[in-house]
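S.K.: Have a look at this one before I ask anything.
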Amino acid sequence: MLSKINTLSGYLYEYQKSIANPEDFWDSVAQQFYWRKTWDKVVDWNFDNLDVKWFINGKVNITENIFEKNLFMLGDKPAIIFEANDPNEPTVTLTYRQLYEKVSQFANVLLANGIRKGDRVAIYIPMVPEAAIAMLACARIGAIHSVVFAGFSASSLADRINDAEAKMVITSDGNYRGAKSIEVKAVVDEALETCSSVQKVIVLERTKTPVTMKEGRDIWWHDAIKGVATENKAEEMDSEDMLFILYTSGSTGKPKGVVHTTGGYMVYTAYTFRNVFQYEPQDIFWCTADVGWVTGHSYIVYGPLLNGATVVMFEGVPTYPDVDRFWDVVEKHKVTHLYTAPTAIRALMAYGTEPIQKHDLSSLKVLGSVGEPINEEAWQWYYHHVGKGNCPVVDTWWQTETGGMMMSPLAGITPTKPGYATLPLPGIQPIIVDNEGNELKGNNVEGNLCIKFPWPSMIRTTYGDHERCINTYFRSFKNLYFTGDGVKRDADGYYRILGRVDDVINVSGHRLGTAEVENAINSHPLVLESAVVGYPHDIKGQGIYAYVILDSASQNHEADKIKQSLLTTVTKVIGPIAKPDVIQIVSGLPKTRSGKIMRRILRKVAEGDVSNLGDTSTLLDPSIVDEIVSGAGLKK
Ligand code: 7RM
């Protein structure tokens with residue numbers, strides 16, 4: 001297990017050290033891993049053309065740092081405790097040795113099916129241990145995994161497969177989620193009609209739902225592993241070789257493939273896991289995220305397993321078979337660390353404290369929050385009712401692009417404040433700038449959150465389009481990484497994330513681009529144009545509000561039927577998570593003379609607050625505002 005910070009003064013000291021001399025600092029953290037060959041230089045960087053390298057010329061395999069490094073000590077320790085959707089299905093526990101054997105065996109399966117170092121493998125699979133096994137098997141042989149959240153539609157999956165030119169897809173027959181079961185393989189089949197790069201599909205049997213297997217392309221997981229050796233010699237990777245691609249939404253266009261590389265990601269996720277959560281060897285860590293998101297990558301799979309931790313992996317949903325399921329799982333597996341999203345806390349809060357009182361939650365030591373701003377009420381409920389006032393809440397701010405947690409209290413060490421991610425982690429140098437890029441120094445300031453120095457797990461590129469990566473993150477403000485988030489630094493120097501300042505919305509902790517949702521809506525044959533904004537939503541954090549202009553042919557249809565059919569279209573193009581909560585049919589949009597939509601007005605209407613719409617004189621047709629306001633059932 002990595003060394004860790006134990007006191008507040010220890011944190012302050014380590015932070016100072018990491019800023020004063022980043023190279024020495026990260027050198028000493030990285031020394032604690034097993035490298036086939038150590039690095040020649042700790043870091044080289046240039047934000048202008050985005051060229052960042054960590055642990056240069058170091059040779060390493062991340063899975064050797066999970067398995068070989070730990071096996072002697074941890075062989076019989078549980079690595080993954082699998083809690084199925086159905087609480088009556090027996091728990092499956094994989095020890096480090098068992099996981100090692102399964103990963104090695106599946107690595108051999110990948111090799112036998114033509115996958116080599118550098119090839120891309122798409123993983124579209126529910127929350128079962130095989131998701132982690134597939135990811136780690138890729139890492140073992142140097143293949144680049146691209147996990148796609150199994151809730152995305154066939155067309156979203158196809159886009160991701162095509163962008164990465166994946167050679168293989170790893171999937172399952174179906175997926176249990178609460179009372180539903182979803183036909184996953186059928187989605188893959190549909191996607192693959194438009195993907196020519198895929199040569200093989202490996203299918204895990206999970207729900208036994210009937211599937212069609214394409215001769216020569218599709219293989220059952222259980223057939224593929226038959227008689228295959230459970231040992232595999234790890235591929236030697238360069239520190240900067242790609243580890244994975246993970247697609248994420250931005251303010252424009254299609255989702256981007258965020259690229260993370262091996263050495264830096266390994267060092268940073270392991271370091272932050274150990275320090276933020278203050279994980280100790282006997283602890284049971286449960287992160288409720290899906291492996292399809294970065295939180296699942298970094299804090300179900302890589303960060304914890306690199307520390308020899310025991311993780312709970314949960315297939316189901318918080319409210320099945322009943323609303324006390326989370327608390328049932330905590331009690332059953334004696335979970336010490338619960339890491340979840342504010343949206344889940346708010347959803348469970350709605351059922352009161354009775355479901356909690358039915359369970360013994362005394363195993364809990366640390367509570368974590370991630371994915372969106374946590375409102376004070378949810379924070380207090382989490383702290384007092386779930387943690388009984390004994391468990392520090394770590395509000396961890398980070399992004400797909402950052403690879404690991406960037407700002408967070410260290411559990412039990414940093415004094416917390418509800419709604420605040422508190423202070424940057426060692427090695428992280430935040431800076432707040434105004435819209436012109438001027439630094440806002442001192443405390444009591446609010447502005448755009450940027451980072452001015454590289455950290456080991458930062459984004460290296462967006463797959464296949466380096467320019468796009470530079471333009472998205474490094475062109476807004478010179479020599480700074482721009483996060484897209486607004487932030488406030490209060491009188492104590494504590495940071496509070498205020499939410500996105502770009503056209504990205506965060507629905508139940510899921511990131512979506514407004515343009516992405518608009519494109520989906522616009523693909524409907526009756527739609528002329530649309531504009532999508534986020535608005536505050538009690539449970540989801542943000543809801544999706546769509547303003548839609550229909551074409552003239554639509555007059556023969558009923559509005560309700562059209563709205564239904566728009567929802568179906570969005571589900572087909574992106575997935576159910578992108579379905580608008582409100583659709584308002586309008587005859588026009590508030591556009592300026594230069595054709596730009598004044599989203600400020602649309603946001604105000606969606607919020608239901610039109611008392612102060614500001615200056616609308618630059619609008620081409622100011623009367624459209626009145627129509628939209630009254631159409632929303634509001635009065636100015
Ligand atoms: C880990 C993750 C990133 C965006 C980010 C923020 C928001 C995440 C917090 C948060 C306030 C937090 N990756 N966000 N964590 N906002 N407090 N603790 O969520 O790429 O999917 O989303 O999520 O806006 O930019 S992500």
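Convention: chains lettered A, B, ... in structure tokens order; per-chain residue numbering from 1; ligands numbered from 1 as shown.
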Please list as a count of residues only every residue within 9 Å of Val128 (chain A), counting only C-alpha atoms and excluding residues in the same chain fewer than 5 positions away.

M.R.: 7

S.K.: For Asp159 (chain A), list every protein, DNA or RNA residue within 9 Å, evaluated using only C-alpha atoms, and leave out those in the same chain fewer than 2 positions away; present the list as a list in words.

M.R.: Ala154, Ser155, Ser156, Leu157, Ile161, Asn162, Asp163, Ala164, Ala191, Thr194, Cys195, Lys254 and Pro255 of chain A

S.K.: If you keep N, CA and C atoms, can you produce a file of those selected residues as a PDB file, in the first residue's frame?

M.R.:
ATOM      1  N   ALA A 154     -27.755   2.101 -29.699  1.00  0.00           N
ATOM      2  CA  ALA A 154     -26.958   1.481 -30.768  1.00  0.00           C
ATOM      3  C   ALA A 154     -26.210   2.534 -31.576  1.00  0.00           C
ATOM      4  N   SER A 155     -26.859   3.648 -31.841  1.00  0.00           N
ATOM      5  CA  SER A 155     -26.182   4.627 -32.696  1.00  0.00           C
ATOM      6  C   SER A 155     -25.037   5.319 -31.941  1.00  0.00           C
ATOM      7  N   SER A 156     -25.220   5.569 -30.629  1.00  0.00           N
ATOM      8  CA  SER A 156     -24.110   6.117 -29.831  1.00  0.00           C
ATOM      9  C   SER A 156     -22.953   5.127 -29.753  1.00  0.00           C
ATOM     10  N   LEU A 157     -23.298   3.870 -29.565  1.00  0.00           N
ATOM     11  CA  LEU A 157     -22.265   2.833 -29.492  1.00  0.00           C
ATOM     12  C   LEU A 157     -21.513   2.758 -30.820  1.00  0.00           C
ATOM     13  N   ILE A 161     -17.533   3.159 -31.491  1.00  0.00           N
ATOM     14  CA  ILE A 161     -16.749   2.064 -32.095  1.00  0.00           C
ATOM     15  C   ILE A 161     -16.041   2.573 -33.349  1.00  0.00           C
ATOM     16  N   ASN A 162     -16.762   3.322 -34.168  1.00  0.00           N
ATOM     17  CA  ASN A 162     -16.184   3.801 -35.429  1.00  0.00           C
ATOM     18  C   ASN A 162     -15.085   4.822 -35.196  1.00  0.00           C
ATOM     19  N   ASP A 163     -15.304   5.708 -34.237  1.00  0.00           N
ATOM     20  CA  ASP A 163     -14.293   6.729 -33.986  1.00  0.00           C
ATOM     21  C   ASP A 163     -12.976   6.084 -33.555  1.00  0.00           C
ATOM     22  N   ALA A 164     -13.088   5.035 -32.744  1.00  0.00           N
ATOM     23  CA  ALA A 164     -11.876   4.376 -32.229  1.00  0.00           C
ATOM     24  C   ALA A 164     -11.414   3.252 -33.151  1.00  0.00           C
ATOM     25  N   ALA A 191     -25.806  -1.892 -33.738  1.00  0.00           N
ATOM     26  CA  ALA A 191     -24.676  -0.964 -33.916  1.00  0.00           C
ATOM     27  C   ALA A 191     -23.716  -1.484 -34.983  1.00  0.00           C
ATOM     28  N   THR A 194     -23.293  -0.843 -38.834  1.00  0.00           N
ATOM     29  CA  THR A 194     -22.584   0.303 -39.421  1.00  0.00           C
ATOM     30  C   THR A 194     -21.130   0.396 -38.972  1.00  0.00           C
ATOM     31  N   CYS A 195     -20.577  -0.717 -38.467  1.00  0.00           N
ATOM     32  CA  CYS A 195     -19.177  -0.698 -37.997  1.00  0.00           C
ATOM     33  C   CYS A 195     -18.380  -1.758 -38.748  1.00  0.00           C
ATOM     34  N   LYS A 254     -19.962  15.872 -31.620  1.00  0.00           N
ATOM     35  CA  LYS A 254     -20.072  14.524 -31.061  1.00  0.00           C
ATOM     36  C   LYS A 254     -19.137  14.359 -29.875  1.00  0.00           C
ATOM     37  N   PRO A 255     -19.448  13.393 -28.993  1.00  0.00           N
ATOM     38  CA  PRO A 255     -18.548  13.141 -27.867  1.00  0.00           C
ATOM     39  C   PRO A 255     -17.114  12.885 -28.308  1.00  0.00           C
TER      40      PRO A 255
END

S.K.: Mind checking which residues fall within 8 Å of Thr310 (chain A), counting only C-alpha atoms, ignoring those fewer than 4 positions away in the same chain, and posting them as a list in words?

M.R.: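 Listed by chain and then number, they are Lys77, Pro78, Ala79, Ile80, Ile81, Gln282, Asp283, Ile284, Phe285, Pro304 and Leu305 of chain A.
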
S.K.: Nearest residue to ligand 1 out of A:Gly352, A:Pro281, A:Gly216, A:Gly404, using only C-alpha atoms and all ligand atoms?

M.R.: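 Nearest candidate to ligand 1 out of A:Gly352, A:Pro281, A:Gly216, A:Gly404: A:Gly404.
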
S.K.: Based on the backbone DSSP call, show me all residues of region 368-428 of chain A assigned strand (DSSP E or B), as a PDB file with C-alpha atoms, in the first residue's frame.

M.R.:
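states_15.pdb, written as the output of this step:
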ATOM      1  CA  GLY A 368     -17.796  10.337  -0.762  1.00  0.00           C
ATOM      2  CA  SER A 369     -19.631  12.472  -3.298  1.00  0.00           C
ATOM      3  CA  VAL A 370     -18.862  12.914  -6.983  1.00  0.00           C
ATOM      4  CA  VAL A 393     -17.913  13.586   3.657  1.00  0.00           C
ATOM      5  CA  VAL A 394     -15.377  13.964   0.876  1.00  0.00           C
ATOM      6  CA  ASP A 395     -16.828  16.060  -1.941  1.00  0.00           C
ATOM      7  CA  THR A 396     -14.490  15.143  -4.781  1.00  0.00           C
ATOM      8  CA  TRP A 397     -14.330  17.415  -7.812  1.00  0.00           C
ATOM      9  CA  MET A 407      -9.958  18.883  -5.325  1.00  0.00           C
ATOM     10  CA  THR A 422     -12.322  22.371  -0.148  1.00  0.00           C
ATOM     11  CA  PRO A 424      -6.611  21.062  -4.227  1.00  0.00           C
TER      12      PRO A 424
END

S.K.: Check which residues fall inside 7 Å of ligand 1 when counting only C-alpha atoms and all ligand atoms, and print them as a list in words.

M.R.: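 Checked against 7 Å with only C-alpha atoms and all ligand atoms; the hits are Thr248, Trp293, Val294, Thr295, Ser369, Val370, Gly371, Glu372, Pro373, Ile374, Asp395, Thr396, Trp397, Trp398, Gln399, Thr400, Glu401, Ala421, Thr483, Gly484, Asp485, Ile497, Leu498, Gly499, Arg500, Asn506, Gly509, His510 and Arg511 of chain A.
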
S.K.: Skipping near chain neighbours, those fewer than 3 positions away, what residues fall within 9 Å of region 513-529 of chain A using only C-alpha atoms, listed as an MDAnalysis selection string?

M.R.: chainID A and resid 249:255 503:506 532:534 544 546:554 562 565:567 569:574 578:580 588:589

S.K.: Record the distance separating CA of Ser239 (chain A) and CA of Val291 (chain A), expressed in Å with one decimal.

M.R.: 23.1 Å

S.K.: For Ala30 (chain A), which residue among A:Val586, A:Ala179, A:Ala270, A:Met73 is the nearest when counting only C-alpha atoms?

M.R.: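 Among the listed residues, the smallest separation from Ala30 (chain A) belongs to A:Ala270.
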
S.K.: May I have all residues of region 332-489 of chain A that DSSP, computed from the backbone, assigns to helix (DSSP H, G or I), given as a PyMOL selection string?

M.R.: chain A and resi 332-333+342-349+354-357+376-386+400-402+466-473

S.K.: Which neighbours of Thr416 (chain A) fall inside 12 Å, counting only C-alpha atoms, when residues of the same chain fewer than 6 positions from it are skipped, and could you give them as a ChimeraX atom specification?

M.R.: /A:8,367-368,379-380,383,391-396,408-410,422-423,492,494-496

S.K.: Could you tell me how far CA of Trp286 (chain A) lies from CA of Ile300 (chain A), in Å and to one decimal?

M.R.: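 Atom-to-atom, CA of Trp286 (chain A) and CA of Ile300 (chain A) are spaced 7.7 Å apart.
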
S.K.: For Thr616 (chain A), please output as a ChimeraX atom specification all residues within 9 Å (counting only C-alpha atoms; exclusion window: fewer than 6 positions along the same chain).

M.R.: /A:590,592,598,601,622,625

S.K.: May I have the selected residues written with all heavy atoms, as a tab-separated table (two decimals), in the first residue's frame?

M.R.:
chain	number	residue	atom	x	y	z
A	590	PRO	N	-35.26	32.91	-29.69
A	590	PRO	CA	-34.74	34.27	-29.53
A	590	PRO	C	-33.32	34.38	-30.09
A	590	PRO	O	-32.36	33.99	-29.45
A	590	PRO	CB	-34.74	34.48	-28.01
A	590	PRO	CG	-34.70	33.12	-27.42
A	590	PRO	CD	-35.31	32.17	-28.41
A	592	THR	N	-30.19	36.62	-32.00
A	592	THR	CA	-29.65	37.96	-32.25
A	592	THR	C	-29.55	38.16	-33.76
A	592	THR	O	-29.69	37.21	-34.53
A	592	THR	CB	-28.23	38.10	-31.65
A	592	THR	OG1	-27.40	37.15	-32.31
A	592	THR	CG2	-28.21	37.84	-30.16
A	598	MET	N	-29.99	33.39	-28.00
A	598	MET	CA	-29.74	33.98	-26.67
A	598	MET	C	-30.19	32.97	-25.61
A	598	MET	O	-31.34	32.96	-25.16
A	598	MET	CB	-30.53	35.29	-26.54
A	598	MET	CG	-29.71	36.40	-25.93
A	598	MET	SD	-30.71	37.85	-25.67
A	598	MET	CE	-29.90	39.02	-26.72
A	601	ILE	N	-31.96	33.71	-22.12
A	601	ILE	CA	-33.41	33.85	-22.01
A	601	ILE	C	-34.08	32.49	-21.88
A	601	ILE	O	-34.96	32.29	-21.05
A	601	ILE	CB	-33.95	34.62	-23.24
A	601	ILE	CG1	-33.41	36.04	-23.17
A	601	ILE	CG2	-35.46	34.56	-23.32
A	601	ILE	CD1	-33.86	36.93	-24.28
A	622	PRO	N	-37.93	40.58	-31.01
A	622	PRO	CA	-38.13	40.53	-29.56
A	622	PRO	C	-39.50	39.95	-29.16
A	622	PRO	O	-39.65	39.44	-28.07
A	622	PRO	CB	-38.02	42.00	-29.13
A	622	PRO	CG	-37.29	42.68	-30.24
A	622	PRO	CD	-37.67	41.95	-31.48
A	625	VAL	N	-39.98	36.43	-27.55
A	625	VAL	CA	-39.78	36.19	-26.11
A	625	VAL	C	-41.12	36.10	-25.39
A	625	VAL	O	-41.33	35.20	-24.57
A	625	VAL	CB	-38.89	37.30	-25.50
A	625	VAL	CG1	-38.77	37.13	-23.99
A	625	VAL	CG2	-37.52	37.32	-26.15

S.K.: Point out the residue among A:Glu627, A:Asp27, A:Asp48, A:Glu130 with the least atom-to-atom distance to Cys469 (chain A), counting only C-alpha atoms.

M.R.: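 Counting only C-alpha atoms, the residue closest to Cys469 (chain A) is A:Asp48.
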
S.K.: Using only C-alpha atoms, determine which residues lie at most 12 Å from Pro22 (chain A), disregarding the query and same-chain residues fewer than 2 positions distant; provide the list as a list in words.

M.R.: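 Those residues are Glu14, Tyr15, Gln16, Lys17, Ser18, Ile19, Ala20, Asp24, Phe25, Trp26, Asp27, Ser28, Val29, Ala30, Lys41, Val42, Val43, Asp44, Trp54, Pro426, Gly427, Ile428, Gln429, Phe453, Pro454, Trp455 and Pro456 of chain A.
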
S.K.: Just how far from CA of Leu512 (chain A) is CA of Thr568 (chain A), in Å to one decimal?

M.R.: 17.3 Å

S.K.: Which residue is closest to Gln105 (chain A)? Choose from A:Thr261, A:Ser476, A:Asn232, A:Ser508 and count only C-alpha atoms.

M.R.: A:Asn232

S.K.: Restricting the calculation to only C-alpha atoms: of A:Asn448, A:Thr461, A:Asn275, A:Ser104, which residue gets closest to Met135 (chain A)?

M.R.: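 That would be A:Ser104, the residue with the smallest distance to Met135 (chain A).
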
S.K.: Quick one: of A:His384, A:His297, A:Lys37, A:His337, who's nearest to Met349 (chain A), counting only C-alpha atoms?

M.R.: A:His384
